[in-house]
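Structure, as structure tokens:
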Amino acid sequence: MIEARNLTKRYGAKTAVDDLSFTASPGEVTGFLGPNGAGKSTTMRMVVGLDRPSGGSVTVNGKPYAQHRDPLRQAGALLEAKAVHPGRTARSHLLALAHTEGIGARRVDEVLELVGLEAVARQRAGAFSLGMGQRLGMAVALLGDPATLLLDEPVNGLDPDGVLWIRGLLRELAAQGRTVFLSSHLMSEMAQTATHLVIVGRGRLLADTTVKELTATITNQPVTVRSPQAAALSEQLLRRGASVSTAEPGLLRVEGMGAAEIGEIAAASSAVLHELHREEASLEDAYMNLTRDSREYVTDDSDETSEAAA
């Protein structure tokens, strides 16, 4: 478990994290989201004692991380995958870390197999691709079989198979009762992996919620209508004040009117409906709406929808 209470970090006149409180609980994948410059990396560094808070506190499994006698068994972290000497092999890097806490070589070999690096275990890390470096970083995080994991962009550089693997692994770890605290730029991946969300902007808490609860805040989603009488139905909807666009023959996208009202108009017009449903809001839609006023770095296109928006 990770518990932050009124956590604050200042660098001179700059406040990077501002009175931030949240809990990442066992059995959940907690997604940690926010625009660039929101204080996510600083917060994660404070969790594992790499930065000292200016105010407030943060504990891991009931204690400040530095006070644990067995920190690798308490929390595993992937904050910078390339934090490894390029001349060391993957196995020797893990062995060196394992020796600090009396972890045996068998566990080193287990995590190398778990992350898919057993075939390159004796290759120098400096020659690893970005994806292989990420896998080695995951091996480091998992080395102590920790109760809590902090992962910053763990799918960065992974191929589609690797992304599926990490998604399944994080779900499995949470199902085992572990705490998984995950930061990622990929909204679609976060939507499929996280069960809880902590969202920050300019160092402050914007939301502490679930994916379902957050997406439910977007209530003006368009309605998709498919009908062999789409053209005639479109005219009826336009007369009633709806905004209608045509994506393809027979398919309408209707804004400004609910599905029930559209169905009633279709029935009154004897229009056959093959499809009628309100589009679900995506996590990206809800996230962009929530953080619109909290971005430090904004492009000229204020409606950007890139998945790198976090």
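Residue numbering restarts at 1 for every chain of the structure tokens, chains are lettered A, B, ... in their displayed order, and ligands are numbered from 1 as they appear.
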**OP:** Identify, on the basis of only C-alpha atoms, every residue whose closest approach to Leu205 (chain A) does not exceed 9 Å; exclude the query and any residue fewer than 5 positions from it along the same chain; express the result as number ranges by chain.
**Re:** A: 18-22, 198-200
Take the residues that were just selected and, keeping N, CA and C atoms, output them as a PDB file, in the first residue's frame.
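Written output follows (out_19.pdb):
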```pdb
ATOM      1  N   ASP A  18       1.868  19.643  -4.702  1.00  0.00           N
ATOM      2  CA  ASP A  18       1.218  20.627  -3.841  1.00  0.00           C
ATOM      3  C   ASP A  18       0.117  19.982  -2.995  1.00  0.00           C
ATOM      4  N   ASP A  19       0.465  19.644  -1.734  1.00  0.00           N
ATOM      5  CA  ASP A  19      -0.522  19.166  -0.764  1.00  0.00           C
ATOM      6  C   ASP A  19      -1.303  17.968  -1.305  1.00  0.00           C
ATOM      7  N   LEU A  20      -0.591  16.983  -1.822  1.00  0.00           N
ATOM      8  CA  LEU A  20      -1.198  15.846  -2.512  1.00  0.00           C
ATOM      9  C   LEU A  20      -1.461  14.689  -1.548  1.00  0.00           C
ATOM     10  N   SER A  21      -2.693  14.207  -1.528  1.00  0.00           N
ATOM     11  CA  SER A  21      -3.063  13.061  -0.693  1.00  0.00           C
ATOM     12  C   SER A  21      -3.777  12.024  -1.552  1.00  0.00           C
ATOM     13  N   PHE A  22      -3.387  10.760  -1.407  1.00  0.00           N
ATOM     14  CA  PHE A  22      -4.044   9.664  -2.114  1.00  0.00           C
ATOM     15  C   PHE A  22      -3.601   8.351  -1.486  1.00  0.00           C
ATOM     16  N   VAL A 198      -5.626   7.971 -10.033  1.00  0.00           N
ATOM     17  CA  VAL A 198      -5.247   9.187  -9.312  1.00  0.00           C
ATOM     18  C   VAL A 198      -4.727  10.144 -10.386  1.00  0.00           C
ATOM     19  N   ILE A 199      -5.404  11.287 -10.539  1.00  0.00           N
ATOM     20  CA  ILE A 199      -5.060  12.226 -11.604  1.00  0.00           C
ATOM     21  C   ILE A 199      -4.634  13.548 -10.978  1.00  0.00           C
ATOM     22  N   VAL A 200      -3.479  14.045 -11.425  1.00  0.00           N
ATOM     23  CA  VAL A 200      -2.935  15.282 -10.881  1.00  0.00           C
ATOM     24  C   VAL A 200      -2.734  16.304 -11.995  1.00  0.00           C
TER      25      VAL A 200
END
```
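The neighbours of region 50-61 of chain A here are the residues that come within 6 Å of it, using only C-alpha atoms and leaving out any residue fewer than 5 positions away in the same chain; they are A:Met1, A:Ile2, A:Glu3, A:Ala4, A:Arg5, A:Asn6, A:Leu7, A:Thr8, A:Lys9, A:Arg45.
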Subject >> Minimum-distance residue to Leu158 (chain A), chosen among A:Arg124, A:Lys14, A:Arg135, A:His185 (using only C-alpha atoms) >> reply: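 For Leu158 (chain A), the nearest of the given residues is A:Arg135.
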Original post:
Per DSSP on the backbone, what are the strand (DSSP E or B) residues of region 74-248 of chain A, as a ChimeraX atom specification?
Top reply: /A:75-78,89,124,148-152,179-183,196-201,204-209,223-226,243-248
**OP:** Between CA of Ala90 (chain A) and CA of Arg122 (chain A), measure the distance and give it in Å to one decimal.
**Re:**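 Value for the CA of Ala90 (chain A)-CA of Arg122 (chain A) distance: 6.1 Å.
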Original post:
So which one's closest to Gln221 (chain A), A:Ser269, A:Thr179, A:Ser282, A:Gln74? Using only C-alpha atoms, please.
Top reply: A:Ser282
**OP:** Quick one: pull the distance between CA of Thr210 (chain A) and CA of Ala191 (chain A), Å, one decimal.
**Re:**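 Those two atoms sit 9.9 Å apart.
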For region 210-249 of chain A against region 277-281 of chain A, with a cut-off of 7 Å and counting only C-alpha atoms, what is the closest atom pair and its distance in Å to one decimal for every residue that makes the cut, ordered by chain and number, as JSON lines?
```
{"residue": "A:Thr215", "atom": "CA", "partner": "A:Ala281", "partner_atom": "CA", "distance": 5.6}
{"residue": "A:Ile218", "atom": "CA", "partner": "A:Ala281", "partner_atom": "CA", "distance": 6.2}
{"residue": "A:Gln221", "atom": "CA", "partner": "A:Glu279", "partner_atom": "CA", "distance": 5.8}
{"residue": "A:Pro222", "atom": "CA", "partner": "A:Glu279", "partner_atom": "CA", "distance": 5.8}
{"residue": "A:Val223", "atom": "CA", "partner": "A:Arg278", "partner_atom": "CA", "distance": 4.1}
{"residue": "A:Thr224", "atom": "CA", "partner": "A:His277", "partner_atom": "CA", "distance": 5.4}
{"residue": "A:Val225", "atom": "CA", "partner": "A:His277", "partner_atom": "CA", "distance": 6.9}
```
**OP:** May I ask which of the residues A:Gln236, A:Thr217, A:Ser184, A:Thr100 is the closest one to Lys40 (chain A), counting only C-alpha atoms?
**Re:**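 Residue with the minimum atom-to-atom distance to Lys40 (chain A): A:Ser184.
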**OP:** Looking only at helix (DSSP H, G or I) from DSSP on the backbone, list the matching residues of region 33-268 of chain A as a VMD selection string.
**Re:** chain A and resid 40 to 47 65 to 67 71 to 74 90 to 99 105 to 114 118 to 120 125 to 127 130 to 142 160 to 175 187 to 193 211 to 215 230 to 239 259 to 268
